[in-house]
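Note: the block below is run36.json and it holds JSON, C-alpha atoms and all ligand atoms.
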```
[["chain", "number", "residue", "atom", "x", "y", "z"],
["A", 1, "MET", "CA", -16.99, 4.99, 33.71],
["A", 2, "LEU", "CA", -16.18, 8.65, 33.00],
["A", 3, "ASP", "CA", -14.25, 11.06, 35.17],
["A", 4, "LYS", "CA", -15.86, 14.46, 34.62],
["A", 5, "GLU", "CA", -13.24, 16.14, 36.86],
["A", 6, "SER", "CA", -10.41, 14.84, 34.68],
["A", 7, "PRO", "CA", -8.49, 17.25, 32.45],
["A", 8, "VAL", "CA", -8.99, 14.69, 29.65],
["A", 9, "PRO", "CA", -12.04, 15.86, 27.66],
["A", 10, "VAL", "CA", -15.11, 13.67, 28.08],
["A", 11, "TYR", "CA", -15.36, 12.84, 24.37],
["A", 12, "ILE", "CA", -11.81, 11.48, 24.47],
["A", 13, "GLN", "CA", -12.65, 9.35, 27.49],
["A", 14, "ILE", "CA", -15.61, 7.98, 25.55],
["A", 15, "GLN", "CA", -13.39, 7.28, 22.56],
["A", 16, "GLU", "CA", -10.97, 5.36, 24.80],
["A", 17, "GLU", "CA", -13.83, 3.37, 26.28],
["A", 18, "LEU", "CA", -15.22, 2.50, 22.84],
["A", 19, "LYS", "CA", -11.72, 1.51, 21.69],
["A", 20, "ARG", "CA", -11.42, -0.77, 24.71],
["A", 21, "TRP", "CA", -14.73, -2.42, 23.78],
["A", 22, "ILE", "CA", -13.36, -3.09, 20.30],
["A", 23, "GLU", "CA", -9.96, -4.32, 21.53],
["A", 24, "GLU", "CA", -11.53, -6.62, 24.09],
["A", 25, "GLU", "CA", -13.99, -7.75, 21.42],
["A", 26, "LYS", "CA", -17.01, -6.85, 23.45],
["A", 27, "TYR", "CA", -18.11, -5.83, 19.95],
["A", 28, "SER", "CA", -16.33, -7.84, 17.29],
["A", 29, "VAL", "CA", -15.71, -6.96, 13.64],
["A", 30, "GLY", "CA", -18.97, -6.53, 11.75],
["A", 31, "THR", "CA", -21.21, -6.09, 14.81],
["A", 32, "ALA", "CA", -23.03, -2.87, 15.61],
["A", 33, "ILE", "CA", -22.16, -0.75, 18.63],
["A", 34, "PRO", "CA", -25.15, 0.60, 20.63],
["A", 35, "PRO", "CA", -27.04, 3.48, 18.96],
["A", 36, "GLU", "CA", -26.28, 7.08, 19.88],
["A", 37, "TRP", "CA", -29.24, 7.50, 22.25],
["A", 38, "GLU", "CA", -28.15, 4.43, 24.22],
["A", 39, "LEU", "CA", -24.55, 5.66, 24.51],
["A", 40, "THR", "CA", -25.89, 9.07, 25.54],
["A", 41, "GLU", "CA", -27.78, 7.47, 28.42],
["A", 42, "LEU", "CA", -24.96, 5.12, 29.32],
["A", 43, "PHE", "CA", -22.31, 7.84, 29.56],
["A", 44, "GLY", "CA", -24.66, 10.53, 30.85],
["A", 45, "VAL", "CA", -23.46, 13.09, 28.31],
["A", 46, "SER", "CA", -25.03, 15.02, 25.46],
["A", 47, "ARG", "CA", -25.71, 13.44, 22.10],
["A", 48, "MET", "CA", -23.22, 15.88, 20.54],
["A", 49, "THR", "CA", -20.42, 14.55, 22.75],
["A", 50, "VAL", "CA", -21.21, 10.95, 21.82],
["A", 51, "ARG", "CA", -21.34, 11.87, 18.13],
["A", 52, "HIS", "CA", -18.00, 13.65, 18.40],
["A", 53, "ALA", "CA", -16.34, 10.55, 19.90],
["A", 54, "VAL", "CA", -17.89, 8.14, 17.41],
["A", 55, "THR", "CA", -17.02, 10.36, 14.43],
["A", 56, "LYS", "CA", -13.37, 10.39, 15.45],
["A", 57, "LEU", "CA", -13.32, 6.56, 15.52],
["A", 58, "VAL", "CA", -15.09, 6.45, 12.15],
["A", 59, "ASN", "CA", -12.42, 8.77, 10.73],
["A", 60, "ASP", "CA", -9.67, 6.59, 12.24],
["A", 61, "GLY", "CA", -11.19, 3.58, 10.46],
["A", 62, "LEU", "CA", -12.13, 1.66, 13.62],
["A", 63, "LEU", "CA", -15.85, 2.09, 13.11],
["A", 64, "GLN", "CA", -17.96, 2.27, 10.00],
["A", 65, "ARG", "CA", -21.27, 4.11, 9.67],
["A", 66, "GLU", "CA", -23.90, 2.57, 7.47],
["A", 67, "LYS", "CA", -26.83, 4.79, 6.55],
["A", 68, "GLY", "CA", -30.02, 3.75, 8.26],
["A", 69, "ARG", "CA", -28.42, 0.66, 9.81],
["A", 70, "GLY", "CA", -26.07, 1.86, 12.51],
["A", 71, "THR", "CA", -22.38, 2.01, 13.35],
["A", 72, "PHE", "CA", -20.32, -1.14, 13.02],
["A", 73, "VAL", "CA", -16.87, -2.32, 14.09],
["A", 74, "ALA", "CA", -14.70, -2.14, 10.95],
["A", 75, "ALA", "CA", -12.25, -4.79, 9.84],
["A", 76, "PRO", "CA", -8.69, -3.74, 10.75],
["A", 77, "LYS", "CA", -7.03, -1.82, 7.95],
["A", 78, "LEU", "CA", -4.54, -3.79, 5.93],
["A", 79, "LYS", "CA", -1.09, -2.30, 6.44],
["A", 80, "VAL", "CA", 2.18, -3.82, 5.33],
["A", 81, "GLU", "CA", 5.50, -3.43, 7.15],
["A", 82, "GLN", "CA", 8.15, -3.81, 4.51],
["A", 83, "PRO", "CA", 11.80, -4.21, 5.50],
["A", 84, "LEU", "CA", 14.14, -2.39, 3.16],
["A", 85, "THR", "CA", 17.01, -4.79, 3.77],
["A", 86, "GLY", "CA", 16.15, -7.67, 1.43],
["A", 87, "LEU", "CA", 15.65, -7.57, -2.32],
["A", 88, "THR", "CA", 12.23, -9.10, -2.82],
["A", 89, "GLY", "CA", 9.36, -8.78, -5.27],
["A", 90, "PHE", "CA", 5.75, -7.88, -4.63],
["A", 91, "THR", "CA", 4.37, -11.40, -5.10],
["A", 92, "GLU", "CA", 6.73, -13.00, -2.62],
["A", 93, "ASP", "CA", 6.29, -10.12, -0.15],
["A", 94, "MET", "CA", 2.52, -10.54, -0.08],
["A", 95, "GLN", "CA", 2.60, -14.34, -0.03],
["A", 96, "ALA", "CA", 4.99, -14.26, 2.94],
["A", 97, "ARG", "CA", 2.28, -12.36, 4.83],
["A", 98, "GLY", "CA", -0.49, -14.72, 3.88],
["A", 99, "LEU", "CA", -2.03, -12.13, 1.53],
["A", 100, "THR", "CA", -3.12, -12.92, -2.01],
["A", 101, "PRO", "CA", -1.26, -10.82, -4.58],
["A", 102, "SER", "CA", -2.80, -9.88, -7.90],
["A", 103, "SER", "CA", -2.08, -7.41, -10.66],
["A", 104, "ARG", "CA", -3.99, -5.33, -13.13],
["A", 105, "LEU", "CA", -2.09, -4.56, -16.28],
["A", 106, "VAL", "CA", -2.91, -0.99, -17.27],
["A", 107, "GLY", "CA", -0.18, -0.49, -19.85],
["A", 108, "PHE", "CA", 2.06, -2.77, -21.89],
["A", 109, "GLY", "CA", 4.13, -2.20, -25.00],
["A", 110, "SER", "CA", 7.63, -2.03, -26.40],
["A", 111, "VAL", "CA", 9.17, 1.37, -26.98],
["A", 112, "PHE", "CA", 12.53, 3.03, -27.56],
["A", 113, "PRO", "CA", 13.69, 4.20, -24.15],
["A", 114, "GLU", "CA", 14.33, 7.77, -23.14],
["A", 115, "LEU", "CA", 18.00, 8.53, -22.59],
["A", 116, "GLU", "CA", 17.75, 8.35, -18.79],
["A", 117, "ILE", "CA", 16.12, 4.91, -18.80],
["A", 118, "ALA", "CA", 18.59, 3.62, -21.42],
["A", 119, "GLN", "CA", 21.51, 4.84, -19.34],
["A", 120, "GLU", "CA", 20.14, 3.21, -16.20],
["A", 121, "LEU", "CA", 19.66, -0.07, -18.08],
["A", 122, "HIS", "CA", 23.15, 0.22, -19.68],
["A", 123, "ILE", "CA", 21.65, 0.02, -23.18],
["A", 124, "LYS", "CA", 21.42, 2.35, -26.18],
["A", 125, "THR", "CA", 18.31, 4.37, -26.99],
["A", 126, "ASP", "CA", 17.79, 2.31, -30.19],
["A", 127, "GLU", "CA", 17.38, -0.88, -28.18],
["A", 128, "LYS", "CA", 13.72, -1.49, -27.34],
["A", 129, "VAL", "CA", 12.37, -1.86, -23.82],
["A", 130, "PHE", "CA", 9.10, -3.17, -22.52],
["A", 131, "GLN", "CA", 7.09, -0.55, -20.73],
["A", 132, "VAL", "CA", 4.86, -2.22, -18.19],
["A", 133, "GLU", "CA", 2.36, -0.49, -15.94],
["A", 134, "ARG", "CA", 0.73, -2.59, -13.26],
["A", 135, "VAL", "CA", -1.50, -1.87, -10.29],
["A", 136, "ARG", "CA", -0.56, -4.33, -7.56],
["A", 137, "TYR", "CA", -3.20, -5.60, -5.14],
["A", 138, "ALA", "CA", -3.10, -7.47, -1.83],
["A", 139, "ASP", "CA", -6.33, -9.31, -1.02],
["A", 140, "GLY", "CA", -8.00, -7.14, -3.65],
["A", 141, "ILE", "CA", -6.79, -3.84, -2.15],
["A", 142, "PRO", "CA", -4.72, -1.61, -4.45],
["A", 143, "MET", "CA", -1.30, -1.14, -2.81],
["A", 144, "ALA", "CA", 0.98, 0.30, -5.47],
["A", 145, "ILE", "CA", 1.43, 1.26, -9.11],
["A", 146, "GLU", "CA", 4.59, -0.04, -10.73],
["A", 147, "ARG", "CA", 5.90, 1.35, -14.00],
["A", 148, "SER", "CA", 8.73, -0.88, -15.18],
["A", 149, "TYR", "CA", 11.14, -0.74, -18.08],
["A", 150, "LEU", "CA", 12.85, -4.00, -19.08],
["A", 151, "PRO", "CA", 15.16, -4.68, -22.04],
["A", 152, "VAL", "CA", 13.15, -6.60, -24.67],
["A", 153, "LYS", "CA", 16.10, -8.87, -25.41],
["A", 154, "LEU", "CA", 15.95, -10.19, -21.86],
["A", 155, "LEU", "CA", 12.37, -11.48, -22.20],
["A", 156, "PRO", "CA", 11.67, -11.42, -25.96],
["A", 157, "GLY", "CA", 8.40, -13.34, -25.78],
["A", 158, "LEU", "CA", 6.90, -11.53, -22.78],
["A", 159, "THR", "CA", 3.09, -11.78, -22.82],
["A", 160, "GLU", "CA", 0.30, -9.92, -21.04],
["A", 161, "ASP", "CA", -0.67, -13.15, -19.34],
["A", 162, "GLN", "CA", 2.79, -13.59, -17.81],
["A", 163, "LEU", "CA", 2.52, -10.12, -16.31],
["A", 164, "GLN", "CA", -0.38, -11.27, -14.17],
["A", 165, "HIS", "CA", 2.19, -13.26, -12.21],
["A", 166, "SER", "CA", 5.59, -12.63, -10.68],
["A", 167, "LEU", "CA", 8.02, -10.84, -12.96],
["A", 168, "TYR", "CA", 10.93, -11.73, -10.69],
["A", 169, "SER", "CA", 10.26, -15.49, -10.92],
["A", 170, "LEU", "CA", 9.86, -15.18, -14.68],
["A", 171, "ILE", "CA", 13.12, -13.27, -15.10],
["A", 172, "GLU", "CA", 15.06, -15.81, -13.06],
["A", 173, "GLN", "CA", 13.51, -18.68, -15.03],
["A", 174, "GLU", "CA", 14.02, -17.13, -18.47],
["A", 175, "SER", "CA", 17.49, -15.68, -17.97],
["A", 176, "GLY", "CA", 18.87, -18.62, -16.00],
["A", 177, "LEU", "CA", 20.46, -16.00, -13.73],
["A", 178, "SER", "CA", 19.52, -14.91, -10.26],
["A", 179, "ILE", "CA", 18.43, -11.45, -9.19],
["A", 180, "ASP", "CA", 21.29, -10.05, -7.21],
["A", 181, "ARG", "CA", 20.99, -6.46, -6.04],
["A", 182, "ALA", "CA", 19.14, -3.19, -6.50],
["A", 183, "VAL", "CA", 19.54, 0.49, -5.84],
["A", 184, "GLN", "CA", 16.43, 2.20, -4.56],
["A", 185, "ARG", "CA", 15.40, 5.77, -3.89],
["A", 186, "MET", "CA", 12.28, 6.84, -2.03],
["A", 187, "GLU", "CA", 10.60, 10.17, -1.57],
["A", 188, "ALA", "CA", 7.31, 11.49, -0.26],
["A", 189, "ALA", "CA", 4.79, 12.88, -2.74],
["A", 190, "LEU", "CA", 1.12, 13.68, -3.20],
["A", 191, "ALA", "CA", -0.88, 11.39, -5.45],
["A", 192, "LYS", "CA", -1.57, 12.77, -8.92],
["A", 193, "LYS", "CA", -5.18, 12.61, -10.02],
["A", 194, "GLU", "CA", -4.79, 9.63, -12.36],
["A", 195, "ASP", "CA", -2.64, 7.68, -9.88],
["A", 196, "ALA", "CA", -5.12, 8.37, -7.08],
["A", 197, "LYS", "CA", -7.85, 6.89, -9.25],
["A", 198, "LEU", "CA", -5.88, 3.71, -9.89],
["A", 199, "LEU", "CA", -5.04, 3.36, -6.19],
["A", 200, "GLN", "CA", -8.59, 4.24, -5.08],
["A", 201, "ILE", "CA", -7.39, 7.03, -2.80],
["A", 202, "GLU", "CA", -8.20, 10.72, -2.57],
["A", 203, "SER", "CA", -6.46, 12.97, -5.03],
["A", 204, "ALA", "CA", -3.38, 14.50, -3.34],
["A", 205, "ALA", "CA", -3.30, 11.80, -0.64],
["A", 206, "ALA", "CA", 0.19, 10.98, 0.63],
["A", 207, "VAL", "CA", 2.15, 8.43, -1.41],
["A", 208, "LEU", "CA", 5.74, 7.25, -1.64],
["A", 209, "LYS", "CA", 7.58, 7.49, -4.91],
["A", 210, "ILE", "CA", 10.07, 4.66, -5.22],
["A", 211, "GLU", "CA", 12.61, 4.20, -7.98],
["A", 212, "ARG", "CA", 14.49, 0.98, -8.25],
["A", 213, "VAL", "CA", 17.19, -0.26, -10.63],
["A", 214, "SER", "CA", 17.79, -3.99, -10.20],
["A", 215, "PHE", "CA", 20.70, -6.10, -11.37],
["A", 216, "LEU", "CA", 21.17, -9.76, -12.26],
["A", 217, "SER", "CA", 24.04, -11.89, -10.98],
["A", 218, "ASP", "CA", 26.06, -11.01, -14.12],
["A", 219, "ASP", "CA", 25.81, -7.39, -12.90],
["A", 220, "LYS", "CA", 23.58, -6.29, -15.79],
["A", 221, "PRO", "CA", 20.61, -4.07, -14.89],
["A", 222, "PHE", "CA", 17.35, -5.75, -15.87],
["A", 223, "GLU", "CA", 14.68, -3.33, -14.66],
["A", 224, "VAL", "CA", 14.08, 0.31, -13.95],
["A", 225, "VAL", "CA", 10.92, 0.69, -11.89],
["A", 226, "ARG", "CA", 9.14, 3.87, -10.97],
["A", 227, "SER", "CA", 6.52, 3.07, -8.41],
["A", 228, "ILE", "CA", 3.88, 4.87, -6.43],
["A", 229, "TYR", "CA", 3.13, 3.22, -3.08],
["A", 230, "ARG", "CA", 0.18, 4.08, -0.86],
["A", 231, "ALA", "CA", 1.49, 5.78, 2.28],
["A", 232, "ASP", "CA", -1.57, 4.63, 4.26],
["A", 233, "ARG", "CA", -0.83, 0.97, 3.47],
["A", 234, "TYR", "CA", 2.95, 0.81, 3.83],
["A", 235, "THR", "CA", 5.49, 1.33, 6.56],
["A", 236, "PHE", "CA", 9.08, 0.77, 5.49],
["A", 237, "THR", "CA", 11.53, -0.42, 8.11],
["A", 238, "VAL", "CA", 15.28, -0.75, 8.20],
["A", 239, "GLY", "CA", 17.79, -2.05, 10.74],
["A", 240, "MET", "CA", 20.84, 0.12, 11.37],
["A", 241, "HIS", "CA", 24.34, -0.36, 12.72],
["A", 242, "ARG", "CA", 26.44, 2.41, 14.15],
["A", 243, "THR", "CA", 29.64, 2.47, 12.18],
["A", 301, "LIG", "C1", 8.57, -4.97, -6.19],
["A", 301, "LIG", "C2", 9.65, -4.07, -6.73],
["A", 301, "LIG", "C3", 9.64, -3.94, -8.21],
["A", 301, "LIG", "C4", 9.54, -5.28, -8.89],
["A", 301, "LIG", "C5", 8.37, -6.07, -8.36],
["A", 301, "LIG", "C6", 8.36, -7.48, -8.90],
["A", 301, "LIG", "C7", 9.31, -1.63, -6.19],
["A", 301, "LIG", "C8", 9.67, -0.60, -5.23],
["A", 301, "LIG", "N1", 9.78, -2.84, -5.98],
["A", 301, "LIG", "O1", 7.37, -4.38, -6.07],
["A", 301, "LIG", "O2", 10.84, -3.32, -8.58],
["A", 301, "LIG", "O3", 9.44, -5.15, -10.27],
["A", 301, "LIG", "O4", 8.45, -6.16, -6.96],
["A", 301, "LIG", "O5", 7.29, -8.15, -8.33],
["A", 301, "LIG", "O6", 8.61, -1.35, -7.09],
["A", 301, "LIG", "P1", 6.68, -9.47, -8.95],
["A", 301, "LIG", "O7", 7.78, -10.50, -8.92],
["A", 301, "LIG", "O8", 5.53, -9.79, -8.09],
["A", 301, "LIG", "O9", 6.27, -9.16, -10.37]]
```

Could you write out this file's structure as structure tokens?
Ligand code: 16G
Amino acid sequence: MLDKESPVPVYIQIQEELKRWIEEEKYSVGTAIPPEWELTELFGVSRMTVRHAVTKLVNDGLLQREKGRGTFVAAPKLKVEQPLTGLTGFTEDMQARGLTPSSRLVGFGSVFPELEIAQELHIKTDEKVFQVERVRYADGIPMAIERSYLPVKLLPGLTEDQLQHSLYSLIEQESGLSIDRAVQRMEAALAKKEDAKLLQIESAAAVLKIERVSFLSDDKPFEVVRSIYRADRYTFTVGMHRT
């Protein structure tokens, strides 16, 4: 099974072999792979080499160690490929993938906006906005934090309960207008301590900061959103044409 003359280190060959076992479902999700001593015998290498290979697969999320029980094939990590071409909301994005969206409201109130937010929403600073902070989940996994600012006059009776569901559907229903376009900026960042906690990731893990200003069909901006997306859960894609 192993080629000890190969320039490819033995532990990498073992890793590849274990990966093949998982891909071919010789060991399916939730089942245990053979214990270290058995792999040591099977591959004819030292226990250290086996441990090295297994540890790499544990770190890559393919295997999971459970104290005193063994090493198991992990469920594939949920990762979303999000095209940047269409203007969609979180709920519809997740539903389109067969995932169940949910939200946890961590902040909600009406405030006078800072100048920058007011300008982006084309309103004055004495016109109140809702400040909404939600953690968005897919199948119970935290994916993003969204901090939105919406003019109060657009949704005067907005309730906490409504924020458990799709804001985009609600806005289209309440305003009688359709959501038309948005301008979005993205940049890489490291998760701040409090954001990392909400997203259940390590402090300073990689995240994407996304800012979006969205407009209704009457060309009025209706939301300014400052979001933090988990970099380990999202890949953003875009099609391009050479002009
Ligand atoms: C998306 C949007 C956000 C919007 C939300 C509405 C970003 C980058 N994008 O996540 O602007 O408010 O969808 O989703 O944050 P909802 O209809 O499920 O409430």

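A straight line drawn from CA of Thr49 in chain A to CA of Ile14 in chain A is 8.6 Å long.
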
Can I get the residues of range 1-84 of chain A within 12 Å of range 142-164 of chain A, each with the closest pair of atoms and their distance in Å to one decimal, using all atoms listed in the file, sorted chain first then ascending number, as a tab-separated table?
```
residue	atom	partner	partner_atom	distance
A:Leu78	CA	A:Met143	CA	9.7
A:Lys79	CA	A:Met143	CA	9.3
A:Val80	CA	A:Met143	CA	9.2
```

key: Surroundings of ligand LIG 301 (chain A) up to 6 Å, based on all atoms listed in the file, as a PyMOL selection string   = chain A and resi 89-91+146+166-169+210+212+225+227

Contact residues around Phe72 in chain A with only C-alpha atoms at 6 Å, ignoring same-chain residues under 6 positions, as an MDAnalysis selection string: chainID A and resid 30:33 63:64

In Å and to one decimal, CA of Ala53 in chain A is distant from CA of Glu23 in chain A by 16.3 Å

Shortest contact to Ile22 in chain A, candidates A:Leu57, A:Glu92, A:Glu133, A:Pro9, atoms counted all atoms listed in the file, goes to A:Leu57

Using all atoms listed in the file, the best pick from A:Leu199, A:Leu84, A:Ile123, A:Ile141 as closest to Leu99 in chain A would be A:Ile141

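Distance-wise, CA of Ser28 in chain A and CA of Asp60 in chain A end up 16.7 Å apart.
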
Residues at most 6 Å from range 176-192 of chain A, counting only C-alpha atoms, excluding those fewer than 4 positions away in the same chain, as a list in words? Glu172, Ala196, Ser203, Ala204, Ala205, Ala206, Val207, Leu208, Lys209, Ile210, Glu211, Arg212, Val213, Ser214, Phe215, Leu216 and Ser217 of chain A

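Considering all atoms listed in the file, the residue among A:Asp3, A:Asp139, A:Asp93, A:Glu16 positioned nearest to Leu62 in chain A is A:Glu16.
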
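Distance check against Arg65 in chain A using all atoms listed in the file: of A:Pro35, A:Glu41, A:Gly86, A:Leu198, the minimum falls on A:Pro35.
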
Residue with the minimum atom-to-atom distance to Ser110 in chain A, picked from A:Val224, A:Val8, A:Met94, A:Val129 with only C-alpha atoms counted, is A:Val129

So for range 167-177 of chain A, what box centre and size do we get, axis-aligned, 6 Å extra on each of the six sides, every listed atom, Å to one decimal, as lines of an AutoDock Vina configuration file?
```
center_x = 14.2
center_y = -14.8
center_z = -14.6
size_x = 24.4
size_y = 19.8
size_z = 19.8
```

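Closest to Glu223 in chain A among A:Lys193, A:His165, A:His122, A:Arg136 is A:His122, based on all atoms listed in the file.
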
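For Gly140 in chain A, the residues within 8 Å (counting all atoms listed in the file, excluding itself and residues fewer than 2 positions away along the chain) are A:Thr100, A:Pro101, A:Ser102, A:Tyr137, A:Ala138, A:Pro142.
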